[in-house]
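What follows is one structure encoded as structure tokens, with my remarks underneath.
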Amino acid sequence: MTSPVRAVVFDLDGTLFDHAGASARAVDDFLRSVGVAATPTLHAAWAEAEARHFERWRQGEVSFAEQRRARLTEVLSLAGIHPPRDPDELDVLFGRYLAAYRAAWSPFPGSSSLVREVADLGMAVGVLTDGTEEQQRDKLAVTGLGDLVDVVCTSEHIGVAKPDRRAFQRVAAELGVPVTACLFVGDDPQRDVAGACAAGMHAVLVDPARDGDAVVRTRVLSALGGESETGPR
């Protein structure tokens with residue numbers, strides 16, 4: 001590495017926190033609550049609508065509540081249920097999903113121990129996540145991850161989302177280290193890895209859902225030892 005790493009910044013959803021697993025279980029519960037059997041088609045539709053409308057929120061095109069309502073309207077229609085037109089009624093329905101989603105929250109196996117191990121190496125530890133301040137901090141609190149990190153930056157709070165380099169610069173500043181002295185760990189090749197590298201960070205791509213905690217740990221510790229897949233350019 002061209003600069004000694006003094007801080008490790010983690011993405012949250014899909015990296016430390018099993019969003020996809022919690023969401024899949026919540027979709028099952030939600031559809032059951034409206035009298036519909038969950039199918040692979042409906043699960044895929046939910047995930048696709050979530051990704052598309054969440055991106056619209058990230059771009060500032062809709063409010064957070066509006067992207068939730070849009071997702072729900074599409075999936076209910078596909079399931080053969082006429083969605084209510086009243087936004088308040090949609091919010092109540094989405095609340096059923098949210099309750100099931102929150103009940104299913106959990107970190108990936110090995111996430112907590114990895115964060116502790118990184119901190120024990122003398123690294124400052126941060127989280128940079130696209131999402132609302134309230135929900136993302138709640139995830140960290142419920143899973144216990146919040147007690148293990150020094151700094152949390154959500155896109156809602158800082159006003160910019162990944163891969164905007166200003167998001168990475170902000171978390172580095174809050175950690176009190178140069179951006180070039182940070183290692184970013186994330187599961188998205190573009191928003192996480194490419195964004196971090198464009199900002200001047202080192203970065204490593206992980207996929208805990210596919211690879212498991214042992215592989216993730218090896219990749220992160222190898223990167224700290226000088227073998228990051230990508231570095232500042």
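Quick note on naming: the chains in the structure tokens go A, B, ... in the order shown, residues restart at 1 in each chain, and ligands are numbered from 1 in order of appearance.
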Test item, strand (DSSP E or B) assignment across segment 40-177 of chain A, answer as number ranges by chain: A: 107, 124-129, 151-154
Just write the chosen residues, C-alpha atoms, as a PDB file, in the first residue's frame.
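Done, and the output landed in part23.pdb:
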ATOM      1  CA  PRO A 107     -25.482  -9.151  11.421  1.00  0.00           C
ATOM      2  CA  ALA A 124     -10.398   3.583  14.003  1.00  0.00           C
ATOM      3  CA  VAL A 125     -13.638   2.042  12.742  1.00  0.00           C
ATOM      4  CA  GLY A 126     -16.421   3.751  10.819  1.00  0.00           C
ATOM      5  CA  VAL A 127     -19.616   2.919   8.975  1.00  0.00           C
ATOM      6  CA  LEU A 128     -20.690   4.720   5.811  1.00  0.00           C
ATOM      7  CA  THR A 129     -24.171   3.754   4.690  1.00  0.00           C
ATOM      8  CA  VAL A 151     -18.228   6.939  13.630  1.00  0.00           C
ATOM      9  CA  VAL A 152     -21.447   6.425  11.673  1.00  0.00           C
ATOM     10  CA  CYS A 153     -22.243   8.474   8.569  1.00  0.00           C
ATOM     11  CA  THR A 154     -25.589   8.008   6.854  1.00  0.00           C
TER      12      THR A 154
END
Helix (DSSP H, G or I) positions in segment 7-114 of chain A, given as a PyMOL selection string: chain A and resi 19-33+40-58+64-78+87-103+111-114
12 Å contact set for Gly21 of chain A, only C-alpha atoms, chain neighbours under 2 positions out, as an NGL selection string: :A and (13-14 or 17-19 or 23-28 or 43 or 47 or 100-108 or 208-210)
Segment 78-93 of chain A environment, 8 Å, only C-alpha atoms, sequence neighbours closer than 6 positions dropped, as an MDAnalysis selection string: chainID A and resid 36 42 65 69 72
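Our summary of the geometry notes that atom CA of Thr15 of chain A is positioned 5.7 Å from atom CA of Asp187 of chain A.
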Pairwise distance for atom CA of Gly146 of chain A and atom CA of Leu16 of chain A, rounded to one decimal in Å: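 Spanning atom CA of Gly146 of chain A to atom CA of Leu16 of chain A is a straight-line distance of 11.1 Å.
Put simply, atom CA of Ala38 of chain A is 11.1 Å away from atom CA of Val75 of chain A.
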Using only C-alpha atoms: which of A:His53, A:Phe10, A:Val220, A:Val171 has the shortest distance to Leu148 of chain A: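 Of A:His53, A:Phe10, A:Val220, A:Val171, the one nearest Leu148 of chain A, counting only C-alpha atoms, is A:Phe10.
Residue nearest Val193 of chain A within the list A:Val215, A:Ala45, A:Leu205, A:Leu175: A:Leu205 [criterion: smallest interatomic distance, only C-alpha atoms].
Distances from A:Ala44, A:Leu145, A:Ala181, A:Val5 to Ser111 of chain A were compared using only C-alpha atoms, and the smallest one belongs to A:Leu145.
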